[in-house]
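What follows is upload-v1.txt (compact mmCIF, C-alpha atoms).
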```txt
# COMPACT_ATOMS: atom_id res chain seq x y z
CA MET A 181 120.53 138.35 126.11
CA THR A 182 121.89 136.14 128.87
CA ASN A 183 120.89 138.67 131.52
CA ALA A 184 117.41 138.92 130.02
CA ALA A 185 117.05 135.13 129.99
CA LEU A 186 118.24 134.96 133.57
CA ASP A 187 115.62 137.52 134.59
CA GLN A 188 112.93 135.25 133.17
CA LEU A 189 113.79 132.39 135.53
CA PRO A 190 111.25 132.12 138.38
CA GLN A 191 112.87 132.72 141.74
CA ALA A 192 111.47 129.44 143.08
CA ALA A 193 113.13 127.57 140.23
CA VAL A 194 116.45 129.31 140.78
CA GLN A 195 116.40 128.35 144.46
CA ARG A 196 116.01 124.67 143.54
CA LEU A 197 119.09 124.77 141.29
CA SER A 198 121.54 124.05 144.08
CA ASN A 199 124.59 124.21 141.79
CA LEU A 200 123.61 127.63 140.46
CA PRO A 201 125.11 130.57 142.40
CA THR A 202 122.33 132.96 143.37
CA THR A 203 124.32 135.60 145.21
CA ASP A 204 126.72 136.44 142.40
CA ARG A 205 124.99 137.28 139.10
CA HIS A 206 128.23 137.01 137.13
CA ALA A 207 128.96 133.56 138.55
CA THR A 208 125.39 132.51 137.79
CA ILE A 209 125.79 133.40 134.11
CA GLU A 210 129.16 131.62 133.99
CA THR A 211 127.59 128.44 135.35
CA LEU A 212 124.68 128.61 132.91
CA LEU A 213 127.01 129.06 129.94
CA LYS A 214 129.21 126.19 131.09
CA ALA A 215 126.19 123.90 131.55
CA PHE A 216 125.11 124.43 127.95
CA SER A 217 128.54 124.78 126.32
CA ILE A 218 130.29 121.65 127.56
CA PRO A 219 127.71 119.08 126.32
CA LEU A 220 127.65 120.66 122.86
CA PHE A 221 131.15 119.37 122.17
CA TRP A 222 129.97 115.79 122.68
CA VAL A 223 128.25 116.09 119.31
CA ILE A 224 131.70 116.00 117.67
CA PRO A 225 132.63 112.43 118.68
CA VAL A 226 129.09 111.28 117.90
CA ALA A 227 129.48 112.75 114.41
CA LEU A 228 133.04 111.55 113.77
CA THR A 229 133.05 108.00 115.11
CA PRO A 230 130.36 106.49 112.83
CA ALA A 231 132.32 107.30 109.67
CA VAL A 232 135.50 105.64 110.97
CA ALA A 233 133.90 102.71 112.80
CA ALA A 234 131.43 101.88 110.03
CA ASP A 235 134.27 101.81 107.53
CA SER A 236 136.37 99.63 109.83
CA PHE A 237 134.49 96.45 108.98
CA VAL A 238 132.08 96.62 106.07
CA GLY A 239 134.08 99.37 104.33
CA GLU A 240 137.28 97.37 104.47
CA ARG A 241 135.41 94.28 103.35
CA GLU A 242 134.23 96.15 100.26
CA ARG A 243 137.85 97.12 99.51
CA TYR A 244 139.03 93.51 100.07
CA SER A 245 141.37 94.63 102.86
CA LEU A 246 139.60 92.96 105.78
CA GLU A 247 140.20 89.33 104.83
CA PRO A 248 144.00 89.42 105.27
CA LEU A 249 143.56 90.84 108.76
CA LEU A 250 140.95 88.29 109.78
CA ALA A 251 143.06 85.47 108.37
CA THR A 252 145.89 86.25 110.80
CA PRO A 253 146.12 84.51 114.20
CA ILE A 254 145.10 87.75 115.94
CA GLY A 255 142.16 87.23 118.30
CA ALA A 256 138.74 88.52 117.30
CA ASP A 257 138.57 90.64 120.45
CA GLN A 258 141.91 92.24 119.58
CA VAL A 259 140.70 93.11 116.08
CA LEU A 260 137.51 94.65 117.46
CA LEU A 261 139.22 96.66 120.20
CA GLY A 262 141.90 97.88 117.81
CA LYS A 263 139.33 99.22 115.38
CA LEU A 264 137.33 100.80 118.19
CA ALA A 265 140.49 102.46 119.52
CA ALA A 266 141.24 103.94 116.09
CA ALA A 267 137.77 105.50 115.91
CA VAL A 268 137.85 106.78 119.50
CA ILE A 269 141.32 108.35 119.20
CA ALA A 270 140.37 110.17 115.99
CA ALA A 271 137.11 111.46 117.51
CA ALA A 272 138.78 112.52 120.77
CA ILE A 273 141.50 114.45 118.95
CA GLY A 274 138.88 116.13 116.75
CA THR A 275 136.91 117.18 119.83
CA TRP A 276 140.00 118.50 121.59
CA LEU A 277 140.88 120.58 118.54
CA GLY A 278 137.34 121.96 118.53
CA VAL A 279 137.63 122.97 122.18
CA LEU A 280 140.98 124.63 121.50
CA VAL A 281 139.41 126.65 118.67
CA PHE A 282 136.54 127.60 120.98
CA TRP A 283 139.03 128.63 123.65
CA GLY A 284 140.85 130.81 121.11
CA VAL A 285 137.59 132.51 120.17
CA THR A 286 136.80 133.27 123.82
CA LEU A 287 140.27 134.79 124.21
CA LEU A 288 139.87 136.95 121.10
CA SER A 289 136.44 138.10 122.25
CA ARG A 290 137.88 138.93 125.68
CA SER A 291 134.81 137.40 127.25
CA THR A 292 134.82 137.45 131.03
CA LEU A 293 132.19 134.71 131.15
CA TYR A 294 134.64 131.92 130.30
CA PRO A 295 137.87 131.02 132.15
CA ARG A 296 140.88 132.74 130.63
CA LEU A 297 142.67 129.40 130.85
CA LEU A 298 139.86 127.12 129.76
CA LEU A 299 141.88 123.95 130.26
CA ALA A 300 142.48 124.87 133.89
CA ASP A 301 138.76 124.54 134.63
CA GLY A 302 138.03 121.16 136.20
CA ASP A 303 134.70 120.62 134.44
CA TRP A 304 136.08 121.38 130.97
CA LEU A 305 139.13 119.20 131.60
CA PHE A 306 137.05 116.29 132.90
CA SER A 307 134.73 116.53 129.94
CA MET A 308 137.61 116.50 127.45
CA LEU A 309 139.69 113.73 129.02
CA VAL A 310 136.99 111.43 130.42
CA VAL A 311 133.49 112.04 129.04
CA THR A 312 134.50 112.69 125.42
CA PRO A 313 136.38 109.36 124.98
CA LEU A 314 133.51 107.52 126.68
CA VAL A 315 130.95 109.08 124.35
CA ALA A 316 133.18 108.29 121.38
CA LEU A 317 133.56 104.67 122.49
CA PHE A 318 129.80 104.24 122.79
CA SER A 319 129.21 105.68 119.32
CA ALA A 320 132.06 103.63 117.85
CA GLY A 321 130.80 100.45 119.51
CA VAL A 322 127.30 100.83 118.11
CA ALA A 323 128.70 101.79 114.70
CA ALA A 324 131.04 98.79 114.60
CA LEU A 325 128.23 96.51 115.72
CA ILE A 326 126.01 97.71 112.89
CA SER A 327 128.91 97.53 110.45
CA THR A 328 129.39 93.82 111.11
CA ARG A 329 125.72 93.05 110.39
CA VAL A 330 125.07 94.95 107.14
CA SER A 331 126.29 94.40 103.61
CA GLY A 332 127.39 97.90 102.59
CA TYR A 333 129.16 100.95 103.99
CA ARG A 334 126.42 103.39 102.99
CA VAL A 335 123.79 101.36 104.82
CA ALA A 336 125.99 101.18 107.91
CA TYR A 337 126.73 104.90 107.83
CA GLN A 338 123.08 105.87 107.41
CA LEU A 339 122.02 103.63 110.29
CA ASN A 340 124.77 105.10 112.43
CA GLY A 341 123.30 108.54 111.79
CA LEU A 342 120.41 107.52 114.02
CA ILE A 343 122.82 107.73 116.97
CA VAL A 344 123.08 111.51 116.63
CA LEU A 345 119.38 112.26 117.17
CA PRO A 346 118.90 110.76 120.65
CA VAL A 347 122.24 112.16 121.81
CA VAL A 348 121.36 115.68 120.70
CA LEU A 349 117.75 115.57 121.87
CA LEU A 350 118.23 113.74 125.15
CA LEU A 351 121.82 113.81 126.39
CA LEU A 352 122.56 117.49 125.93
CA PRO A 353 119.53 119.07 127.67
CA ILE A 354 119.45 116.43 130.40
CA THR A 355 123.13 116.95 131.18
CA ALA A 356 122.75 120.72 131.13
CA PHE A 357 119.85 120.60 133.57
CA LEU A 358 121.60 118.05 135.79
CA PHE A 359 124.67 120.27 135.82
CA LEU A 360 122.59 123.06 137.35
CA ILE A 361 121.40 120.77 140.11
CA THR A 362 124.66 119.13 141.14
CA GLY A 363 128.34 119.74 140.57
CA ALA A 364 128.80 115.98 140.10
CA ALA A 365 126.67 115.94 136.93
CA LEU A 366 129.60 115.14 134.63
CA GLY A 367 130.63 112.32 136.93
CA TYR A 368 127.16 110.78 136.64
CA VAL A 369 127.28 111.10 132.86
CA ALA A 370 130.73 109.48 132.77
CA ALA A 371 129.52 106.60 134.96
CA LEU A 372 126.49 106.07 132.71
CA PHE A 373 128.59 105.93 129.57
CA ALA A 374 131.15 103.66 131.21
CA LEU A 375 128.37 101.13 131.86
CA LEU A 376 126.96 101.55 128.36
CA ASP A 377 130.42 101.17 126.83
CA LEU A 378 131.08 98.00 128.76
CA ALA A 379 127.74 96.54 127.66
CA ILE A 380 128.12 97.48 124.00
CA VAL A 381 131.71 96.24 123.73
CA VAL A 382 130.84 92.91 125.36
CA TRP A 383 127.80 92.60 123.09
CA ALA A 384 129.76 93.48 119.95
CA ASN A 385 132.50 91.03 120.86
CA ALA A 386 129.94 88.26 121.45
CA LEU A 387 128.32 88.90 118.05
CA PHE A 388 131.60 89.30 116.19
CA ASP A 389 131.41 86.51 113.62
CA ARG A 390 134.81 86.07 112.01
CA GLU A 391 133.58 83.42 109.56
CA ARG A 392 130.60 85.52 108.45
CA LEU A 393 132.83 88.50 107.69
CA LEU A 394 135.21 86.29 105.73
CA SER A 395 132.36 84.71 103.78
CA ARG A 396 131.16 88.19 102.63
CA ARG A 397 127.50 87.22 102.98
```

Is it possible to express this structure as structure tokens?
Amino acid sequence: MTNAALDQLPQAAVQRLSNLPTTDRHATIETLLKAFSIPLFWVIPVALTPAVAADSFVGERERYSLEPLLATPIGADQVLLGKLAAAVIAAAIGTWLGVLVFWGVTLLSRSTLYPRLLLADGDWLFSMLVVTPLVALFSAGVAALISTRVSGYRVAYQLNGLIVLPVVLLLLPITAFLFLITGAALGYVAALFALLDLAIVVWANALFDRERLLSRR
């Protein structure tokens, strides 16, 4: 099926894809599979972080476990960053486990289209160690921000679900196409999310209202 799909690509289009090997058909298929496989695993942190981050504020408030924490002399920024870190670490570990399972499947299938040592591939390693935590931090930041402004966990979780749609519909295909144009595609994605993460964390910290959370309004 991959060969058939490759045959359907217009030659003029293939020539414009500067990161797509055109002299080696096997290498071309490997690059295409990598371009579409790597971004798929970013769905995992987007799916995992809302549940943890949304529960970190409004969920704990519903269980009466947030007030003791907020009543301590710990700074508001420390509370926020600690809860974001918990969500990001859980999502990153979940994504890494998913990649390891995927790697095991490629080994069992004896596919020659994926690196035998998947973790030795620079793009896969960069995606796991850099892009995945950045994506998780963005999702967690938005989720925590929403969680501090709503009155119930279910409302926060449902609103956080809106994060998944633009990521799936926009980030994945754009990244895949960009990957075929330049080998630095993942670096551009990482830089974009680093800027977004910085903005969302600063915004969330500025809107973090300790007194409002304690008042349970």

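Using only C-alpha atoms, the nearest neighbour of Phe216 of chain A within the list A:Val369, A:Ile380, A:Met308, A:Leu360 is A:Leu360.
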
Closest-contact table, segment 275-386 of chain A side, partner segment 260-268 of chain A, 8 Å, counting all atoms listed in the file, as a Markdown table:
```
| residue | atom | partner | partner_atom | distance |
| --- | --- | --- | --- | --- |
| A:Pro313 | CA | A:Val268 | CA | 6.2 |
| A:Ala316 | CA | A:Val268 | CA | 5.3 |
| A:Leu317 | CA | A:Val268 | CA | 5.6 |
| A:Ala320 | CA | A:Leu264 | CA | 6.0 |
| A:Gly321 | CA | A:Leu264 | CA | 6.7 |
| A:Ala324 | CA | A:Leu264 | CA | 7.5 |
| A:Asn385 | CA | A:Leu260 | CA | 7.1 |
```

Atoms kept (C-alpha atoms) for selection, written as a PDB file, in the coordinates of the input:
```
ATOM      1  CA  PRO A 313     136.380 109.360 124.980  1.00  0.00           C
ATOM      2  CA  ALA A 316     133.180 108.290 121.380  1.00  0.00           C
ATOM      3  CA  LEU A 317     133.560 104.670 122.490  1.00  0.00           C
ATOM      4  CA  ALA A 320     132.060 103.630 117.850  1.00  0.00           C
ATOM      5  CA  GLY A 321     130.800 100.450 119.510  1.00  0.00           C
ATOM      6  CA  ALA A 324     131.040  98.790 114.600  1.00  0.00           C
ATOM      7  CA  ASN A 385     132.500  91.030 120.860  1.00  0.00           C
TER       8      ASN A 385
END
```

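Here atom CA of Leu387 of chain A stands at a distance of 21.0 Å from atom CA of Arg334 of chain A.
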
Legend entry - Residue among A:Leu212, A:Val347, A:Ala300, A:Val330 lying closest to Ile224 of chain A, counting all atoms listed in the file: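 Closest to Ile224 of chain A, using all atoms listed in the file: A:Val347.
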
Inset, instruction - Considering all atoms listed in the file, return as a list in words whatever protein or nucleic-acid residues lie within 12 Å of Leu351 of chain A, sequence-local ones (same chain, fewer than 5 positions apart) excluded. - result: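 With the cut-off at 12 Å, the set is Phe216, Ile218, Pro219, Leu220, Phe221, Trp222, Val223, Val226, Val315, Ile343, Val344, Leu345, Pro346, Ala356, Phe357, Leu358, Phe359, Ala365, Leu366, Tyr368, Val369, Ala370, Leu372 and Phe373 of chain A.
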
Legend entry - Proximity to Leu298 of chain A - best of A:Val279, A:Val322, A:Ala386, A:Leu314, all atoms listed in the file: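 Ranked by minimum distance to Leu298 of chain A, first place goes to A:Val279.
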
Can you list, as an mmCIF file with C-alpha atoms, in the coordinates of the input, every protein, DNA or RNA residue that comes within 10 Å of Tyr294 of chain A when you count all atoms listed in the file, leaving out same-chain residues fewer than 2 positions away?
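Listed below is the output, out-v4.cif:
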```cif
data_model
loop_
_atom_site.group_PDB
_atom_site.id
_atom_site.type_symbol
_atom_site.label_atom_id
_atom_site.label_comp_id
_atom_site.auth_asym_id
_atom_site.auth_seq_id
_atom_site.Cartn_x
_atom_site.Cartn_y
_atom_site.Cartn_z
ATOM 1 C CA ILE A 209 125.790 133.400 134.110
ATOM 2 C CA GLU A 210 129.160 131.620 133.990
ATOM 3 C CA THR A 211 127.590 128.440 135.350
ATOM 4 C CA LEU A 213 127.010 129.060 129.940
ATOM 5 C CA LYS A 214 129.210 126.190 131.090
ATOM 6 C CA TRP A 283 139.030 128.630 123.650
ATOM 7 C CA THR A 286 136.800 133.270 123.820
ATOM 8 C CA LEU A 287 140.270 134.790 124.210
ATOM 9 C CA ARG A 290 137.880 138.930 125.680
ATOM 10 C CA SER A 291 134.810 137.400 127.250
ATOM 11 C CA THR A 292 134.820 137.450 131.030
ATOM 12 C CA ARG A 296 140.880 132.740 130.630
ATOM 13 C CA LEU A 297 142.670 129.400 130.850
ATOM 14 C CA LEU A 298 139.860 127.120 129.760
ATOM 15 C CA ASP A 301 138.760 124.540 134.630
#
```

Inset, instruction - Grab the atom CA of Pro230 of chain A to atom CA of Ala384 of chain A distance for me, in Å with one decimal place. - result: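 Atom-to-atom, atom CA of Pro230 of chain A and atom CA of Ala384 of chain A are spaced 14.8 Å apart.
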
Legend entry - Shortest interatomic distance to Gly367 of chain A - which of A:Val310, A:Ala323, A:Ile254, A:Ala379, counting all atoms listed in the file: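 The shortest atom-to-atom distance to Gly367 of chain A comes from A:Val310.
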
Legend entry - Given only C-alpha atoms as the counted atoms, nearest of A:Thr312, A:Trp304, A:Ala227, A:Gly255 to Ile269 of chain A: A:Thr312

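Closest approach to Ala231 of chain A among A:Val259, A:Leu309, A:Ile326, A:Ala371: A:Ile326, based on only C-alpha atoms.
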
So for segment 354-367 of chain A, what box centre and size do we get, axis-aligned, 8 Å extra on each of the six sides, every listed atom, Å to one decimal, as AutoDock Vina command-line options?
```
--center_x 125.0 --center_y 117.7 --center_z 135.8 --size_x 27.2 --size_y 26.7 --size_z 26.7
```

Legend entry - Two-atom distance - atom CA of Pro295 of chain A, atom CA of Ile354 of chain A (Å):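 It comes out at 23.6 Å.
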